[in-house]
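Raw contents of entry.pdb, PDB, C-alpha atoms:
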```pdb
ATOM      1  CA  MET N   1      -2.593 -28.479  84.497
ATOM      2  CA  PRO N   2      -1.902 -26.388  81.355
ATOM      3  CA  LYS N   3       1.733 -27.602  81.384
ATOM      4  CA  LEU N   4       0.526 -31.217  81.320
ATOM      5  CA  ASP N   5      -1.816 -30.481  78.415
ATOM      6  CA  GLU N   6       1.032 -28.811  76.530
ATOM      7  CA  LEU N   7       3.283 -31.848  77.041
ATOM      8  CA  LYS N   8       0.537 -34.185  75.844
ATOM      9  CA  GLU N   9       0.009 -32.042  72.759
ATOM     10  CA  GLN N  10       3.740 -32.097  72.002
ATOM     11  CA  LEU N  11       3.749 -35.872  72.434
ATOM     12  CA  GLY N  12       0.856 -36.149  69.998
ATOM     13  CA  MET N  13       2.720 -34.091  67.389
ATOM     14  CA  LEU N  14       5.853 -36.204  67.799
ATOM     15  CA  LYS N  15       3.803 -39.364  67.303
ATOM     16  CA  PHE N  16       2.264 -37.859  64.169
ATOM     17  CA  TRP N  17       5.669 -37.019  62.683
ATOM     18  CA  LEU N  18       6.990 -40.455  63.613
ATOM     19  CA  GLY N  19       4.150 -41.956  61.591
ATOM     20  CA  VAL N  20       4.903 -39.688  58.639
ATOM     21  CA  VAL N  21       8.612 -40.564  58.646
ATOM     22  CA  VAL N  22       7.916 -44.300  58.949
ATOM     23  CA  GLY N  23       5.390 -44.068  56.098
ATOM     24  CA  VAL N  24       7.849 -42.272  53.826
ATOM     25  CA  MET N  25      10.558 -44.771  54.754
ATOM     26  CA  THR N  26       8.284 -47.714  53.967
ATOM     27  CA  ALA N  27       7.258 -46.216  50.625
ATOM     28  CA  MET N  28      10.854 -45.522  49.679
ATOM     29  CA  CYS N  29      11.942 -49.065  50.624
ATOM     30  CA  GLY N  30       9.162 -50.435  48.423
ATOM     31  CA  TRP N  31      10.150 -48.196  45.542
ATOM     32  CA  VAL N  32      13.805 -49.194  45.789
ATOM     33  CA  ALA N  33      12.913 -52.887  46.044
ATOM     34  CA  SER N  34      10.729 -52.768  42.949
ATOM     35  CA  ASN N  35      12.986 -50.548  40.824
ATOM     36  CA  TYR N  36      16.571 -51.309  41.840
ATOM     37  CA  ALA N  37      17.344 -53.136  38.573
ATOM     38  CA  LYS N  38      15.961 -50.321  36.390
ATOM     39  CA  ILE N  39      17.354 -47.205  38.051
ATOM     40  CA  ASP N  40      20.703 -45.491  37.712
ATOM     41  CA  ILE N  41      23.309 -46.182  40.397
ATOM     42  CA  LEU N  42      23.208 -42.512  41.419
ATOM     43  CA  PHE N  43      19.492 -42.752  42.261
ATOM     44  CA  LEU N  44      20.105 -45.982  44.141
ATOM     45  CA  LEU N  45      22.866 -44.423  46.240
ATOM     46  CA  LEU N  46      20.785 -41.320  46.868
ATOM     47  CA  SER N  47      17.870 -43.498  47.965
ATOM     48  CA  VAL N  48      20.062 -45.421  50.387
ATOM     49  CA  ILE N  49      21.400 -42.171  51.853
ATOM     50  CA  ILE N  50      17.858 -40.848  52.280
ATOM     51  CA  LEU N  51      16.803 -44.127  53.935
ATOM     52  CA  ILE N  52      19.683 -43.809  56.391
ATOM     53  CA  ILE N  53      18.667 -40.223  57.186
ATOM     54  CA  LEU N  54      15.063 -41.340  57.705
ATOM     55  CA  ALA N  55      16.179 -44.174  59.991
ATOM     56  CA  LEU N  56      18.211 -41.718  62.072
ATOM     57  CA  SER N  57      15.153 -39.445  62.189
ATOM     58  CA  VAL N  58      13.054 -42.306  63.560
ATOM     59  CA  ILE N  59      15.627 -42.898  66.293
ATOM     60  CA  LYS N  60      15.750 -39.183  67.165
ATOM     61  CA  ILE N  61      11.953 -38.863  67.288
ATOM     62  CA  ASN N  62      11.739 -41.949  69.510
ATOM     63  CA  ILE N  63      14.249 -40.393  71.911
ATOM     64  CA  LEU N  64      12.175 -37.192  72.016
ATOM     65  CA  ILE N  65       8.985 -39.197  72.610
ATOM     66  CA  ASN N  66      10.586 -41.016  75.530
ATOM     67  CA  LYS N  67      11.694 -37.689  77.039
ATOM     68  CA  LYS N  68       8.158 -36.302  76.761
ATOM     69  CA  ILE N  69       6.707 -39.438  78.360
ATOM     70  CA  ARG N  70       9.125 -39.078  81.281
ATOM     71  CA  GLN N  71       8.185 -35.391  81.619
ATOM     72  CA  ILE N  72       4.491 -36.281  81.671
ATOM     73  CA  GLY N  73       5.164 -38.905  84.332
ATOM     74  CA  ARG N  74       6.813 -36.289  86.547
ATOM     75  CA  GLU N  75       3.915 -33.812  86.219
TER
END
```
Translate this file's structure into C-alpha cells.
Amino acid sequence: MPKLDELKEQLGMLKFWLGVVVGVMTAMCGWVASNYAKIDILFLLLSVIILIILALSVIKINILINKKIRQIGRE
C-alpha cells in the first residue's frame, strides 16, 4: 500500500506543476497579445521561444501523468 500512496502523491505533484506551467503559458500569451505592437522584436522572439518551451513542457508532463496513471492501475 505505501507504493500506491507514493504513486498518488507523485501524480498529485505532476498535476500541480501542469497547472503552474499552463498558468504561466496563459499569462505569457496574454502579455504578448496585448503588447506585441509596443515591444522590441527581440522580446517578441524570446517570448515565442519561451511559449514553445512551455508547450513542450505541457506535453512532457502529460506523458508523465499518463505513465503514473498506468502504474497506479497496475498496483
Could you expand the PyMOL selection byres ((chain N and resi 21) around 12) into the explicit residues it covers here, written as a VMD selection string?
chain N and resid 14 to 20 22 to 28 50 to 62
I'd like the neighbourhood of N:Lys68 as an MDAnalysis selection string, where a residue qualifies if any of its atoms comes within 12 Å (using all atoms listed in the file), though same-chain residues fewer than 2 positions away should be ignored.
chainID N and resid 3:15 61:66 70:75
What is the distance between atom CA of N:Ile41 and atom CA of N:Cys29, in Å to one decimal?
15.6 Å
Using all atoms of stretch 14-22 of chain N listed in the file and a margin of 5 Å per side, can you give the axis-aligned box centre and edge lengths in Å to one decimal, as JSON?
```
{"center_x": 5.4, "center_y": -40.3, "center_z": 63.2, "size_x": 16.3, "size_y": 18.1, "size_z": 19.2}
```
